[in-house]
file input_24.txt (compact mmCIF, C-alpha atoms)
# COMPACT_ATOMS: atom_id res chain seq x y z
CA MET K 1 -22.89 -1.80 -4.58
CA PHE K 2 -24.48 -4.55 -6.69
CA VAL K 3 -23.12 -5.22 -10.19
CA GLY K 4 -24.09 -7.64 -12.95
CA THR K 5 -21.73 -8.95 -15.63
CA THR K 6 -22.18 -10.14 -19.21
CA THR K 7 -20.82 -13.53 -18.14
CA GLY K 8 -23.75 -14.03 -15.74
CA ASP K 9 -22.21 -13.15 -12.39
CA PHE K 10 -23.79 -11.00 -9.71
CA LEU K 11 -21.12 -9.12 -7.70
CA ILE K 12 -21.36 -7.33 -4.38
CA PHE K 13 -18.79 -4.63 -3.63
CA SER K 14 -18.25 -3.02 -0.25
CA LEU K 15 -17.78 0.68 -0.91
CA LYS K 16 -16.74 1.30 2.68
CA ASN K 17 -13.83 -1.16 2.44
CA SER K 18 -13.29 -0.89 -1.34
CA HIS K 19 -13.28 -4.62 -2.00
CA LEU K 20 -15.31 -7.41 -3.59
CA SER K 21 -17.55 -8.94 -0.90
CA ASN K 22 -19.31 -11.71 -2.78
CA LYS K 23 -19.74 -13.26 -6.24
CA ILE K 24 -22.72 -15.38 -7.30
CA SER K 25 -23.18 -17.04 -10.71
CA VAL K 26 -26.80 -16.67 -11.83
CA SER K 27 -26.99 -17.12 -15.63
CA ALA K 28 -25.05 -18.12 -18.71
CA LEU K 29 -26.48 -15.23 -20.76
CA GLY K 30 -25.54 -12.35 -18.48
CA VAL K 31 -27.15 -10.23 -15.80
CA THR K 32 -29.23 -7.57 -17.52
CA ALA K 33 -31.11 -5.90 -14.64
CA ILE K 34 -30.78 -5.56 -10.85
CA ARG K 35 -33.27 -3.90 -8.51
CA ALA K 36 -33.64 -3.62 -4.76
CA VAL K 37 -37.13 -4.68 -3.67
CA THR K 38 -36.54 -3.88 0.00
CA LYS K 39 -33.38 -3.17 1.98
CA ASN K 40 -33.11 -6.96 2.56
CA CYS K 41 -34.21 -8.25 -0.86
CA ILE K 42 -32.71 -7.90 -4.34
CA VAL K 43 -34.13 -9.11 -7.65
CA VAL K 44 -31.82 -10.01 -10.55
CA GLY K 45 -32.95 -10.37 -14.18
CA CYS K 46 -30.95 -12.33 -16.73
CA GLY K 47 -30.57 -12.52 -20.51
CA ASN K 48 -32.07 -16.01 -20.65
CA GLY K 49 -35.30 -14.93 -18.91
CA ASP K 50 -34.38 -16.08 -15.40
CA LEU K 51 -35.58 -13.83 -12.60
CA GLN K 52 -34.07 -14.55 -9.18
CA THR K 53 -34.56 -13.02 -5.76
CA PHE K 54 -31.95 -12.93 -3.00
CA ASN K 55 -32.02 -12.17 0.71
CA VAL K 56 -29.32 -9.71 1.77
CA LYS K 57 -27.98 -9.57 5.32
CA GLY K 58 -24.72 -7.66 5.39
CA HIS K 59 -22.33 -9.60 3.15
CA LEU K 60 -24.41 -12.79 3.32
CA ILE K 61 -26.52 -13.34 0.19
CA THR K 62 -28.94 -16.29 -0.03
CA SER K 63 -31.24 -17.30 -2.85
CA ARG K 64 -34.97 -16.91 -2.16
CA GLY K 65 -36.46 -18.12 -5.41
CA GLN K 66 -36.43 -18.16 -9.18
CA THR K 67 -38.89 -18.00 -12.07
CA GLN K 68 -38.52 -18.16 -15.86
CA LEU K 69 -40.00 -15.52 -18.18
CA ALA K 70 -40.30 -15.49 -21.99
CA GLY K 71 -37.41 -13.48 -23.39
CA GLY K 72 -34.42 -11.86 -21.76
CA ILE K 73 -35.17 -9.43 -18.97
CA LYS K 74 -34.43 -5.83 -19.95
CA SER K 75 -35.95 -3.81 -17.12
CA LEU K 76 -37.23 -4.24 -13.55
CA SER K 77 -39.43 -2.02 -11.43
CA VAL K 78 -40.92 -2.44 -7.95
CA SER K 79 -44.38 -1.33 -6.79
CA THR K 80 -44.57 1.30 -4.06
CA ASP K 81 -45.88 -1.27 -1.57
CA GLU K 82 -42.90 -3.56 -2.43
CA LYS K 83 -45.23 -6.52 -3.08
CA GLU K 84 -44.94 -6.69 -6.87
CA ILE K 85 -42.16 -6.58 -9.41
CA LEU K 86 -42.67 -5.52 -13.03
CA ALA K 87 -40.36 -7.12 -15.57
CA ALA K 88 -40.10 -6.16 -19.24
CA THR K 89 -38.53 -8.67 -21.65
CA THR K 90 -36.85 -8.63 -25.05
CA LYS K 91 -39.91 -10.35 -26.56
CA GLY K 92 -42.03 -7.29 -25.69
CA PHE K 93 -43.83 -8.82 -22.72
CA VAL K 94 -44.39 -7.13 -19.37
CA TYR K 95 -44.93 -9.38 -16.36
CA ARG K 96 -46.36 -8.57 -12.94
CA ILE K 97 -44.64 -10.84 -10.40
CA GLN K 98 -45.66 -11.36 -6.78
CA GLU K 99 -42.58 -10.73 -4.60
CA LYS K 100 -43.43 -13.37 -1.97
CA ASP K 101 -43.83 -16.42 -4.28
CA LEU K 102 -42.65 -15.17 -7.73
CA LYS K 103 -45.95 -16.03 -9.44
CA ALA K 104 -45.93 -14.18 -12.75
CA LYS K 105 -48.90 -12.70 -14.65
CA LEU K 106 -48.47 -11.57 -18.25
call {"tool": "encode", "arguments": {"input": "input_24.txt", "output": "structure tokens"}}
result
Amino acid sequence: MFVGTTTGDFLIFSLKNSHLSNKISVSALGVTAIRAVTKNCIVVGCGNGDLQTFNVKGHLITSRGQTQLAGGIKSLSVSTDEKEILAATTKGFVYRIQEKDLKAKL
């Protein structure tokens, strides 16, 4: 289970073992959205506009990339082909982001 906090941490809990598996600090303004892109990739949106992707292999989480959007991220969605991420922000913008290189289009 993936959980975001208002203090900007991204937590991974193992439901099978009922314990905290990993903790990653991602933002000073809180984690506001989390979405699985694939079974091995997670995208995390933050209150300061940071959007970060992570590789997931078991309990090992590694950063793949990061981009900055205008406004805090409020919502994330993934295209059916898993190649694009849609991100809506607090400034009313919606971005289309390429999953492979995080290039954003307004």
call {"tool": "closest_residue", "arguments": {"input": "input_24.txt", "among": "K:Ile12, K:Ala33, K:Lys39, K:Thr5", "to": "K:Gln52", "atoms": "all atoms listed in the file"}}
result
K:Ala33
call {"tool": "residues_around", "arguments": {"input": "input_24.txt", "residues": "stretch 69-83 of chain K", "least_positions_apart": "5", "cutoff": "9 Å", "atoms": "all atoms listed in the file", "output": "ChimeraX atom specification"}}
result
/K:29,31-38,43-51,88-93,95,97-100,104
call {"tool": "closest_residue", "arguments": {"input": "input_24.txt", "among": "K:Ser25, K:Ser63, K:Ile42, K:Asn55", "to": "K:Ile85", "atoms": "only C-alpha atoms"}}
result
K:Ile42
call {"tool": "closest_residue", "arguments": {"input": "input_24.txt", "among": "K:Asp9, K:Met1, K:Ala87, K:Lys105", "to": "K:Lys23", "atoms": "all atoms listed in the file"}}
result
K:Asp9
call {"tool": "atom_distance", "arguments": {"input": "input_24.txt", "atom1": "atom CA of K:Arg96", "atom2": "atom CA of K:Gly58"}}
result
28.4 Å
call {"tool": "atom_distance", "arguments": {"input": "input_24.txt", "atom1": "atom CA of K:Phe54", "atom2": "atom CA of K:His19"}}
result
20.5 Å
call {"tool": "atom_distance", "arguments": {"input": "input_24.txt", "atom1": "atom CA of K:Gln66", "atom2": "atom CA of K:Cys41"}}
result
13.1 Å
call {"tool": "closest_residue", "arguments": {"input": "input_24.txt", "among": "K:Lys16, K:Leu60, K:Asp101, K:Thr6", "to": "K:Ala28", "atoms": "all atoms listed in the file"}}
result
K:Thr6
call {"tool": "closest_residue", "arguments": {"input": "input_24.txt", "among": "K:Leu102, K:Val56, K:Leu15, K:Leu20", "to": "K:Gln68", "atoms": "only C-alpha atoms"}}
result
K:Leu102
